[in-house]
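Data block below; observations after.
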Amino acid sequence: MDETLEGATADRPKVIGIVGAVIVSVLFIFLAVLAIGVPIMTLKSQWESAVYSILIFLPVATVCVLAAIKSGKTP
Amino acid sequence: MKFLPLNTLSPVIAELGFSILAALVFYAGSKRFGTKKTAIFFLGSILWTGPLENFAVLRGAYTYYGYANLIYPNYPGYLTWLGLLPFWIVLGWFVFAMSGFLIFHDVLLSKKRALYQAAASGLFAVNIDLMMDPIASSNSLWIWLTGSFKIFGVPLFNFVGWFLLIFIYDLIAQHTIFHSKPMRGLSGVERILFRSSEPAGDRVEGKRLVFRIVTLETVVIIFLTILTALIDYVAYTVL
């Protein structure tokens, strides 16, 4: 870890909070906007839009969950 | 191209939602890096994305006036603007840039090179946009006007733009705000302008930050303009 980020050790719980906020943020955008207007342009049905959105959301969610787990494990 | 019926709740949720998100992320950033550096990161992100987005709107690539006059006459659709850009868009860039910086520099890839961390942050942002952009443009939060080659109603160059904006700003922040390091390619000019190729000490040099942002922003604009023409040539002529 580089010098500027050395203070991270004491701030790990805060980082978990940050990552949690990101997860909630992305979920918020996803759910709020999806709830207002489906189907997505060029897709035929609401179902296709939902499947597309969930599939695309998976990598984002994975990154956030991994970050939360790792920041929790690191002393 | 079909558009969904306009829903007056959409711009309100977007504007209010991103204001709350930006406040949360700012708080998180200030806890981690200090209020001053987070504020500089925030102001830098405005300078980084504001002119570029305004340039794209001026060129007619897209518009944010989908909800103009809907709530009441002469209301532009959103409460706060930065030129032709609703301010919540700028807040959105800050949210994704700072979140990516925290996740990849601080947690997931803390031992990797800055270049890999920035690239991961850029890809993370593209992934978010792949989810968000088709939905948002379907709801007319912004409307794509360009005839450029599209995927799910969104121009391909937009995704390249998302990657570059987050990737390069991540590097600028790493080399100028959170560290004081020379940036490859700019060192020669900086040696002439600032009498040294790297900032002195741990202090954030405002002039150097502005210089790096404006220079690289210009490079991105030129690159995206050429790339868009190239994408359209291949998509509409060769394929």
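Starting from 1 in every chain, residues are counted up; chains themselves are A, B, ... following the order of the structure tokens, and ligands are numbered from 1 as listed.
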
Counting only C-alpha atoms, which residues of chain B sit at most 9 Å from some atom of chain A, and what is each one's closest atom pair with its distance in Å to one decimal, listed by chain and rising residue number, as JSON lines?
{"residue": "B:Met1", "atom": "CA", "partner": "A:Met41", "partner_atom": "CA", "distance": 7.5}
{"residue": "B:Lys2", "atom": "CA", "partner": "A:Met41", "partner_atom": "CA", "distance": 6.6}
{"residue": "B:Phe3", "atom": "CA", "partner": "A:Met41", "partner_atom": "CA", "distance": 7.1}
{"residue": "B:Leu4", "atom": "CA", "partner": "A:Gly37", "partner_atom": "CA", "distance": 6.8}
{"residue": "B:Pro5", "atom": "CA", "partner": "A:Gly37", "partner_atom": "CA", "distance": 8.4}
{"residue": "B:Leu6", "atom": "CA", "partner": "A:Gly37", "partner_atom": "CA", "distance": 8.8}
{"residue": "B:Asn7", "atom": "CA", "partner": "A:Ile36", "partner_atom": "CA", "distance": 7.4}
{"residue": "B:Leu9", "atom": "CA", "partner": "A:Ile36", "partner_atom": "CA", "distance": 8.0}
{"residue": "B:Ser10", "atom": "CA", "partner": "A:Ile36", "partner_atom": "CA", "distance": 6.9}
{"residue": "B:Ile13", "atom": "CA", "partner": "A:Ala32", "partner_atom": "CA", "distance": 7.6}
{"residue": "B:Ala14", "atom": "CA", "partner": "A:Ile29", "partner_atom": "CA", "distance": 8.0}
{"residue": "B:Gly17", "atom": "CA", "partner": "A:Ile29", "partner_atom": "CA", "distance": 7.7}
{"residue": "B:Phe18", "atom": "CA", "partner": "A:Ile29", "partner_atom": "CA", "distance": 8.7}
{"residue": "B:Leu21", "atom": "CA", "partner": "A:Ser25", "partner_atom": "CA", "distance": 6.4}
{"residue": "B:Leu24", "atom": "CA", "partner": "A:Ala21", "partner_atom": "CA", "distance": 7.2}
{"residue": "B:Val25", "atom": "CA", "partner": "A:Ile18", "partner_atom": "CA", "distance": 7.0}
{"residue": "B:Tyr27", "atom": "CA", "partner": "A:Ile18", "partner_atom": "CA", "distance": 8.8}
{"residue": "B:Ala28", "atom": "CA", "partner": "A:Ile18", "partner_atom": "CA", "distance": 5.6}
{"residue": "B:Gly29", "atom": "CA", "partner": "A:Ile18", "partner_atom": "CA", "distance": 8.2}
{"residue": "B:Lys31", "atom": "CA", "partner": "A:Lys14", "partner_atom": "CA", "distance": 7.4}
{"residue": "B:Arg32", "atom": "CA", "partner": "A:Asp11", "partner_atom": "CA", "distance": 6.7}
{"residue": "B:Phe33", "atom": "CA", "partner": "A:Leu5", "partner_atom": "CA", "distance": 8.3}
{"residue": "B:Val95", "atom": "CA", "partner": "A:Val22", "partner_atom": "CA", "distance": 8.5}
{"residue": "B:Phe96", "atom": "CA", "partner": "A:Val22", "partner_atom": "CA", "distance": 8.7}
{"residue": "B:Ser99", "atom": "CA", "partner": "A:Val22", "partner_atom": "CA", "distance": 6.7}
{"residue": "B:Leu102", "atom": "CA", "partner": "A:Val15", "partner_atom": "CA", "distance": 7.7}
{"residue": "B:Ile103", "atom": "CA", "partner": "A:Ala67", "partner_atom": "CA", "distance": 6.4}
{"residue": "B:Phe104", "atom": "CA", "partner": "A:Ala67", "partner_atom": "CA", "distance": 8.3}
{"residue": "B:His105", "atom": "CA", "partner": "A:Leu5", "partner_atom": "CA", "distance": 8.5}
{"residue": "B:Asp106", "atom": "CA", "partner": "A:Leu5", "partner_atom": "CA", "distance": 6.9}
{"residue": "B:Val107", "atom": "CA", "partner": "A:Ser71", "partner_atom": "CA", "distance": 5.9}
{"residue": "B:Leu108", "atom": "CA", "partner": "A:Ala67", "partner_atom": "CA", "distance": 5.8}
{"residue": "B:Ser110", "atom": "CA", "partner": "A:Met1", "partner_atom": "CA", "distance": 5.7}
{"residue": "B:Lys111", "atom": "CA", "partner": "A:Met1", "partner_atom": "CA", "distance": 5.5}
{"residue": "B:Lys112", "atom": "CA", "partner": "A:Met1", "partner_atom": "CA", "distance": 8.7}
{"residue": "B:Phe124", "atom": "CA", "partner": "A:Val60", "partner_atom": "CA", "distance": 6.7}
{"residue": "B:Ala125", "atom": "CA", "partner": "A:Val60", "partner_atom": "CA", "distance": 8.8}
{"residue": "B:Asn127", "atom": "CA", "partner": "A:Val60", "partner_atom": "CA", "distance": 6.7}
{"residue": "B:Ile128", "atom": "CA", "partner": "A:Val60", "partner_atom": "CA", "distance": 6.7}
{"residue": "B:Leu130", "atom": "CA", "partner": "A:Ile56", "partner_atom": "CA", "distance": 6.8}
{"residue": "B:Met131", "atom": "CA", "partner": "A:Ser53", "partner_atom": "CA", "distance": 5.7}
{"residue": "B:Met132", "atom": "CA", "partner": "A:Phe30", "partner_atom": "CA", "distance": 7.0}
{"residue": "B:Pro134", "atom": "CA", "partner": "A:Ile40", "partner_atom": "CA", "distance": 6.0}
{"residue": "B:Ile135", "atom": "CA", "partner": "A:Ile40", "partner_atom": "CA", "distance": 5.5}
{"residue": "B:Ala136", "atom": "CA", "partner": "A:Val33", "partner_atom": "CA", "distance": 6.9}
{"residue": "B:Ser137", "atom": "CA", "partner": "A:Met41", "partner_atom": "CA", "distance": 7.8}
{"residue": "B:Ser138", "atom": "CA", "partner": "A:Met41", "partner_atom": "CA", "distance": 5.3}
{"residue": "B:Asn139", "atom": "CA", "partner": "A:Gly37", "partner_atom": "CA", "distance": 5.9}
{"residue": "B:Ile151", "atom": "CA", "partner": "A:Thr42", "partner_atom": "CA", "distance": 8.7}
{"residue": "B:Phe152", "atom": "CA", "partner": "A:Thr42", "partner_atom": "CA", "distance": 5.7}
{"residue": "B:Gly153", "atom": "CA", "partner": "A:Met41", "partner_atom": "CA", "distance": 5.9}
{"residue": "B:Phe178", "atom": "CA", "partner": "A:Thr4", "partner_atom": "CA", "distance": 6.7}
{"residue": "B:His179", "atom": "CA", "partner": "A:Thr4", "partner_atom": "CA", "distance": 7.0}

List every residue of stretch 23-167 of chain B that DSSP, applied to the backbone of this structure, assigns to alpha helix (DSSP H), and report them as number ranges by chain. B: 23-33, 35-58, 87-101, 114-138, 156-167

Just write the chosen residues, C-alpha atoms, as a CSV table (one decimal), in the first residue's frame.
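Output contents, as saved in again_8.csv:
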chain,number,residue,atom,x,y,z
B,23,ALA,CA,-23.2,14.1,-0.3
B,24,LEU,CA,-22.7,10.5,0.9
B,25,VAL,CA,-19.7,9.9,-1.3
B,26,PHE,CA,-18.2,13.3,-0.4
B,27,TYR,CA,-18.6,12.4,3.3
B,28,ALA,CA,-16.9,9.0,2.7
B,29,GLY,CA,-14.1,10.6,0.7
B,30,SER,CA,-13.6,13.3,3.4
B,31,LYS,CA,-13.4,10.6,6.1
B,32,ARG,CA,-10.8,8.8,4.1
B,33,PHE,CA,-8.7,11.5,2.4
B,35,THR,CA,-12.2,17.3,3.5
B,36,LYS,CA,-9.7,19.5,1.6
B,37,LYS,CA,-8.5,16.8,-0.8
B,38,THR,CA,-12.0,15.5,-1.4
B,39,ALA,CA,-13.2,19.1,-2.1
B,40,ILE,CA,-10.3,19.4,-4.6
B,41,PHE,CA,-11.3,16.1,-6.2
B,42,PHE,CA,-14.9,17.3,-6.4
B,43,LEU,CA,-14.0,20.7,-8.0
B,44,GLY,CA,-11.5,18.9,-10.3
B,45,SER,CA,-14.2,16.5,-11.5
B,46,ILE,CA,-16.5,19.5,-12.3
B,47,LEU,CA,-13.7,21.1,-14.4
B,48,TRP,CA,-13.0,17.7,-16.0
B,49,THR,CA,-16.5,16.7,-17.0
B,50,GLY,CA,-18.3,20.1,-17.3
B,51,PRO,CA,-16.7,21.5,-20.4
B,52,LEU,CA,-16.5,18.2,-22.1
B,53,GLU,CA,-20.2,17.4,-21.7
B,54,ASN,CA,-21.2,21.0,-22.6
B,55,PHE,CA,-19.1,20.6,-25.8
B,56,ALA,CA,-20.9,17.3,-26.7
B,57,VAL,CA,-24.3,19.0,-26.1
B,58,LEU,CA,-23.2,22.0,-28.3
B,87,PHE,CA,-25.8,19.8,-12.3
B,88,TRP,CA,-26.8,16.3,-11.2
B,89,ILE,CA,-24.9,15.0,-14.2
B,90,VAL,CA,-21.7,16.5,-12.8
B,91,LEU,CA,-22.5,15.1,-9.4
B,92,GLY,CA,-22.9,11.7,-11.0
B,93,TRP,CA,-19.4,11.8,-12.5
B,94,PHE,CA,-18.1,12.7,-9.0
B,95,VAL,CA,-20.0,9.8,-7.4
B,96,PHE,CA,-18.6,7.3,-9.9
B,97,ALA,CA,-15.1,8.7,-10.0
B,98,MET,CA,-14.7,8.8,-6.2
B,99,SER,CA,-16.4,5.4,-5.6
B,100,GLY,CA,-14.1,3.8,-8.2
B,101,PHE,CA,-11.1,5.5,-6.7
B,114,ALA,CA,-2.0,3.0,-10.6
B,115,LEU,CA,-2.5,2.3,-14.2
B,116,TYR,CA,-4.3,-1.0,-13.5
B,117,GLN,CA,-6.3,0.6,-10.7
B,118,ALA,CA,-7.5,3.4,-13.0
B,119,ALA,CA,-8.3,0.9,-15.8
B,120,ALA,CA,-10.4,-1.2,-13.4
B,121,SER,CA,-12.2,2.0,-12.2
B,122,GLY,CA,-12.9,2.9,-15.8
B,123,LEU,CA,-14.3,-0.5,-16.6
B,124,PHE,CA,-16.4,-0.4,-13.5
B,125,ALA,CA,-17.9,2.9,-14.6
B,126,VAL,CA,-18.6,1.5,-18.1
B,127,ASN,CA,-20.4,-1.4,-16.5
B,128,ILE,CA,-22.6,1.0,-14.5
B,129,ASP,CA,-23.3,3.1,-17.6
B,130,LEU,CA,-24.3,0.0,-19.6
B,131,MET,CA,-27.0,-0.5,-17.0
B,132,MET,CA,-27.9,3.2,-16.5
B,133,ASP,CA,-27.7,4.8,-19.9
B,134,PRO,CA,-30.3,2.7,-21.9
B,135,ILE,CA,-32.7,3.1,-19.0
B,136,ALA,CA,-32.1,6.8,-18.5
B,137,SER,CA,-32.3,7.7,-22.2
B,138,SER,CA,-35.4,5.6,-22.6
B,156,LEU,CA,-20.9,3.2,-29.0
B,157,PHE,CA,-18.5,6.2,-28.5
B,158,ASN,CA,-20.3,7.0,-25.3
B,159,PHE,CA,-19.0,3.9,-23.6
B,160,VAL,CA,-15.5,4.6,-24.8
B,161,GLY,CA,-16.0,8.2,-23.4
B,162,TRP,CA,-17.1,6.8,-20.0
B,163,PHE,CA,-14.0,4.6,-19.8
B,164,LEU,CA,-11.6,7.4,-20.8
B,165,LEU,CA,-13.2,10.0,-18.5
B,166,ILE,CA,-13.0,7.9,-15.4
B,167,PHE,CA,-9.7,6.2,-16.3

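Distances to B:Glu15 were evaluated for B:Thr63, B:Leu227, B:Trp81, B:Gly34 using only C-alpha atoms, and the minimum falls at B:Trp81.
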
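Separating atom CA of B:Lys181 from atom CA of B:Ile226 is a distance of 29.8 Å.
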